[in-house]
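Please read the structure below before turning to the comments.
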Amino acid sequence: MAEARVQEIQLDDVTLSVTTSGDPAHPAVLFLHGFPEIAYSWRHQVEAFADAGFFAIAPDQRGYGWSDCPEAVAAYDIFNLVGDAIGVLDALGVERTVLVGHDWGSLIAQWFALFRPDRLRGVALLSVPYLPRGDMSVPEFVTANDPDGPFGYMVSFQEEGIPESMLDLDPIESIRSVHWATCGERDPDRDPAAGTPEGRPSYLSQGDLENYGRAFARTGFRGGANYYRNMHHNWEHTRPWAAARITVPHLFIAGGADFVVNEGDGGMGSTTDRAAEFVRDHRGSHIVEGAGHWVQQEAPAEVNRLLLDFIAGL
């Protein structure tokens, strides 16, 4: 079994904590986590991919875990986030990689594929499908169409201070609540007024929750919220890529119970179904039944199988 290593990588304006496992001479796979996650969210993938003969790389992205947390909102725009991923590859001597992103990591992976396809062998997006640049930014779209719906939090996150201050009160409880609200084990008929169920979803151990709790006790949730606060800025400044399409081999994976792709007209399922229109080399969309939004943690064996099959075909 390959041993995981954690190292600090100094980039232009931040130092990132990066977990790696496997032989650096082997083909690389870079894993980018989402909100609210850390590199630990890929624990089932880092070990498995190193054992399968890959060099697995999973950073705590800026604002998370044991990486730096810049104060300025602008420090979290898409150009900085993609630049961090490229900087990690450069520091580790990796010329080309397979890129796997979950949630916000999927969005970063999409833009990485558009900005620098020369650095990628392929890209796999988990839970959030490729979203071509629309006629308005996501917060504008949600505000205009369904501000009280499942994506309304993206609008509330635009206001600095309030969302993160509530989440910061009890990081472990915040993580537990977010997972219960969006995992495949949730009861869709449960009255929201009843609050968060007791205990934890079966895929999270108490140790897992404590690891997340320590990480977010250090950083708070401001860094993660700042990703959302750049959504309109990102939309404005990516206009030159409005007609761009992903050209590298592309895979999509989501949980069958994931609200992101299944929430009626407000979900992104239609985008998933039309993936072949938006990418040049679509290798398939896979739904993992029974899993929710945290698909790589809820169903690691199935996700690993799908990813390894995808990579084998590159």
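Ordering of the structure tokens sets the chain letters (A, B, ...); residue numbers start at 1 within each chain; ligands are numbered from 1 in the order shown.
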
- Fewer than 4 positions away in the same chain doesn't count, so skip those; otherwise give me all residues within 7 Å of Asn226 in chain A, counting only C-alpha atoms, as an NGL selection string. :A and (73 or 76 or 222 or 230)

- Query: Near Gly223 in chain A, counting only C-alpha atoms, which residues have an atom at most 7 Å away, once you skip same-chain residues fewer than 2 positions from it, shown as a ChimeraX atom specification?
  - Reply: /A:63-64,69,221,225-227

Next, the residues of the selection above should be written as a PDB file, in the first residue's frame with N, CA and C atoms.
ATOM      1  N   GLY A  63      -7.597  28.755   0.745  1.00  0.00           N
ATOM      2  CA  GLY A  63      -8.751  28.994   1.591  1.00  0.00           C
ATOM      3  C   GLY A  63      -9.199  27.789   2.392  1.00  0.00           C
ATOM      4  N   TYR A  64      -8.538  26.657   2.215  1.00  0.00           N
ATOM      5  CA  TYR A  64      -8.969  25.405   2.838  1.00  0.00           C
ATOM      6  C   TYR A  64      -7.825  24.704   3.559  1.00  0.00           C
ATOM      7  N   CYS A  69      -4.896  31.200   3.361  1.00  0.00           N
ATOM      8  CA  CYS A  69      -6.257  31.715   3.183  1.00  0.00           C
ATOM      9  C   CYS A  69      -6.203  33.225   2.981  1.00  0.00           C
ATOM     10  N   PHE A 221     -14.889  29.234   7.179  1.00  0.00           N
ATOM     11  CA  PHE A 221     -15.521  28.959   5.890  1.00  0.00           C
ATOM     12  C   PHE A 221     -15.458  30.147   4.937  1.00  0.00           C
ATOM     13  N   ALA A 225     -16.415  30.401   0.873  1.00  0.00           N
ATOM     14  CA  ALA A 225     -17.486  31.308   0.450  1.00  0.00           C
ATOM     15  C   ALA A 225     -16.992  32.291  -0.599  1.00  0.00           C
ATOM     16  N   ASN A 226     -15.717  32.657  -0.530  1.00  0.00           N
ATOM     17  CA  ASN A 226     -15.172  33.609  -1.501  1.00  0.00           C
ATOM     18  C   ASN A 226     -15.137  33.047  -2.920  1.00  0.00           C
ATOM     19  N   TYR A 227     -15.118  31.734  -3.063  1.00  0.00           N
ATOM     20  CA  TYR A 227     -15.219  31.158  -4.415  1.00  0.00           C
ATOM     21  C   TYR A 227     -16.538  31.602  -5.051  1.00  0.00           C
TER      22      TYR A 227
END

- For His26 in chain A, work out the shell of residues within 10 Å, counting only C-alpha atoms and skipping chain neighbours fewer than 5 positions away, then give it as a list in words.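 Near His26 in chain A, the qualifying residues are Ala50, Gly53, Phe54, Phe55, Ala56 and Val94 of chain A.
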
Which polymer residues have any atom within 9 Å of an atom of Val128 in chain A, counting only C-alpha atoms, with same-chain residues fewer than 6 positions away left out, as a compact mmCIF listing (two decimals) with N, CA and C atoms, in the first residue's frame?
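Okay, this is what ended up in out21.txt:
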# COMPACT_ATOMS: atom_id res chain seq x y z
N GLY A 101 -12.11 16.67 -10.85
CA GLY A 101 -12.64 17.70 -9.96
C GLY A 101 -14.01 17.34 -9.44
N HIS A 102 -14.28 17.70 -8.19
CA HIS A 102 -15.60 17.49 -7.59
C HIS A 102 -16.17 18.82 -7.12
N ASP A 103 -17.47 19.06 -7.42
CA ASP A 103 -18.15 20.27 -6.95
C ASP A 103 -17.39 21.49 -7.48
N TRP A 104 -16.93 22.40 -6.62
CA TRP A 104 -16.15 23.55 -7.10
C TRP A 104 -14.88 23.09 -7.82
N GLY A 105 -14.34 21.97 -7.40
CA GLY A 105 -13.18 21.44 -8.10
C GLY A 105 -13.51 21.09 -9.54
N SER A 106 -14.77 20.70 -9.80
CA SER A 106 -15.20 20.44 -11.16
C SER A 106 -15.21 21.72 -11.99
N LEU A 107 -15.69 22.80 -11.39
CA LEU A 107 -15.69 24.09 -12.11
C LEU A 107 -14.27 24.53 -12.44
N PHE A 252 -18.06 12.38 -17.11
CA PHE A 252 -18.88 12.96 -16.04
C PHE A 252 -19.44 11.84 -15.18
N ILE A 253 -19.40 12.06 -13.84
CA ILE A 253 -19.93 11.11 -12.87
C ILE A 253 -20.75 11.89 -11.85
N ALA A 254 -21.93 11.37 -11.49
CA ALA A 254 -22.73 12.00 -10.44
C ALA A 254 -23.52 10.94 -9.70
N VAL A 260 -27.89 18.44 -7.29
CA VAL A 260 -27.33 19.34 -8.30
C VAL A 260 -27.82 18.96 -9.69
N VAL A 261 -27.93 17.69 -9.97
CA VAL A 261 -28.36 17.27 -11.31
C VAL A 261 -29.81 16.81 -11.36
N MET A 268 -29.09 20.65 -12.93
CA MET A 268 -28.19 20.74 -14.07
C MET A 268 -28.25 19.48 -14.93
N THR A 272 -26.08 17.89 -18.25
CA THR A 272 -25.41 16.60 -18.26
C THR A 272 -25.83 15.78 -19.47

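Taking only C-alpha atoms into account, Leu308 in chain A lies nearest to A:Leu251 out of the set A:Ile86, A:Leu251, A:Leu16, A:Ile287.
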
Fewer than 6 positions away in the same chain doesn't count, so skip those; otherwise give me all residues within 12 Å of Leu314 in chain A, counting only C-alpha atoms, as a compact mmCIF listing (two decimals) with C-alpha atoms, in the first residue's frame.
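Generated output (result-v4.txt):
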# COMPACT_ATOMS: atom_id res chain seq x y z
CA PRO A 27 1.43 9.03 -14.76
CA THR A 97 -2.02 14.99 -15.95
CA VAL A 98 -5.48 13.55 -15.79
CA LEU A 120 -4.13 17.56 -19.67
CA ARG A 121 -4.52 13.97 -20.84
CA GLY A 122 -8.19 14.07 -19.88
CA VAL A 123 -10.66 15.63 -17.45
CA ALA A 124 -13.27 13.96 -15.22
CA VAL A 248 -9.57 16.88 -24.15
CA PRO A 249 -11.26 13.53 -23.34
CA HIS A 250 -14.09 14.19 -20.87
CA LEU A 251 -15.99 12.06 -18.34
CA ASP A 281 -14.48 14.13 -26.92
CA HIS A 282 -17.16 13.04 -24.46
CA ARG A 283 -16.38 9.56 -23.08
CA LEU A 307 -12.15 6.75 -13.33
CA LEU A 308 -9.63 3.97 -13.88

- Message: Considering only C-alpha atoms, can you say which of A:Trp42, A:Asp60, A:His232, A:Val14 comes closest to Pro139 in chain A?
- Response: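 Ranked by minimum distance to Pro139 in chain A, first place goes to A:His232.
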
- Excluding Ala91 in chain A and residues on its chain fewer than 2 positions from it, collect all residues at most 9 Å away from it, counting only C-alpha atoms, and give them as a list in words.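 Listing them by chain and then by number gives Ile9, Gln10, Leu11, Ile86, Gly87, Val88, Leu89, Gly93 and Val94 of chain A.
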
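The shortest atom-to-atom distance to Phe115 in chain A, with only C-alpha atoms taken into account, belongs to A:Ala85 out of A:Pro163, A:Asp12, A:Ala181, A:Ala85.
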
- Query: Which residues come within 12 Å of Ala299 in chain A, counting only C-alpha atoms, excluding same-chain residues fewer than 4 positions away, as number ranges by chain?
  - Reply: A: 42, 44-45, 183-185, 202-204, 253-256, 287-295, 303-306

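For the set A:Gln297, A:Thr238, A:Gln158, A:Thr247, the residue with the smallest atom-to-atom gap to Phe278 in chain A is A:Thr247, counting only C-alpha atoms.
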
- Message: as a PyMOL selection string, please: every residue in range 41-184 of chain A that a backbone DSSP assignment puts in strand (DSSP E).
- Response: chain A and resi 55-59+97-102+120-126

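Proximity to Pro117 in chain A was assessed for A:Arg96, A:Arg200, A:His237, A:Arg133 counting only C-alpha atoms; the smallest distance is recorded for A:Arg96.
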
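The coordinates place CA of Phe157 in chain A at 25.3 Å from CA of Thr15 in chain A.
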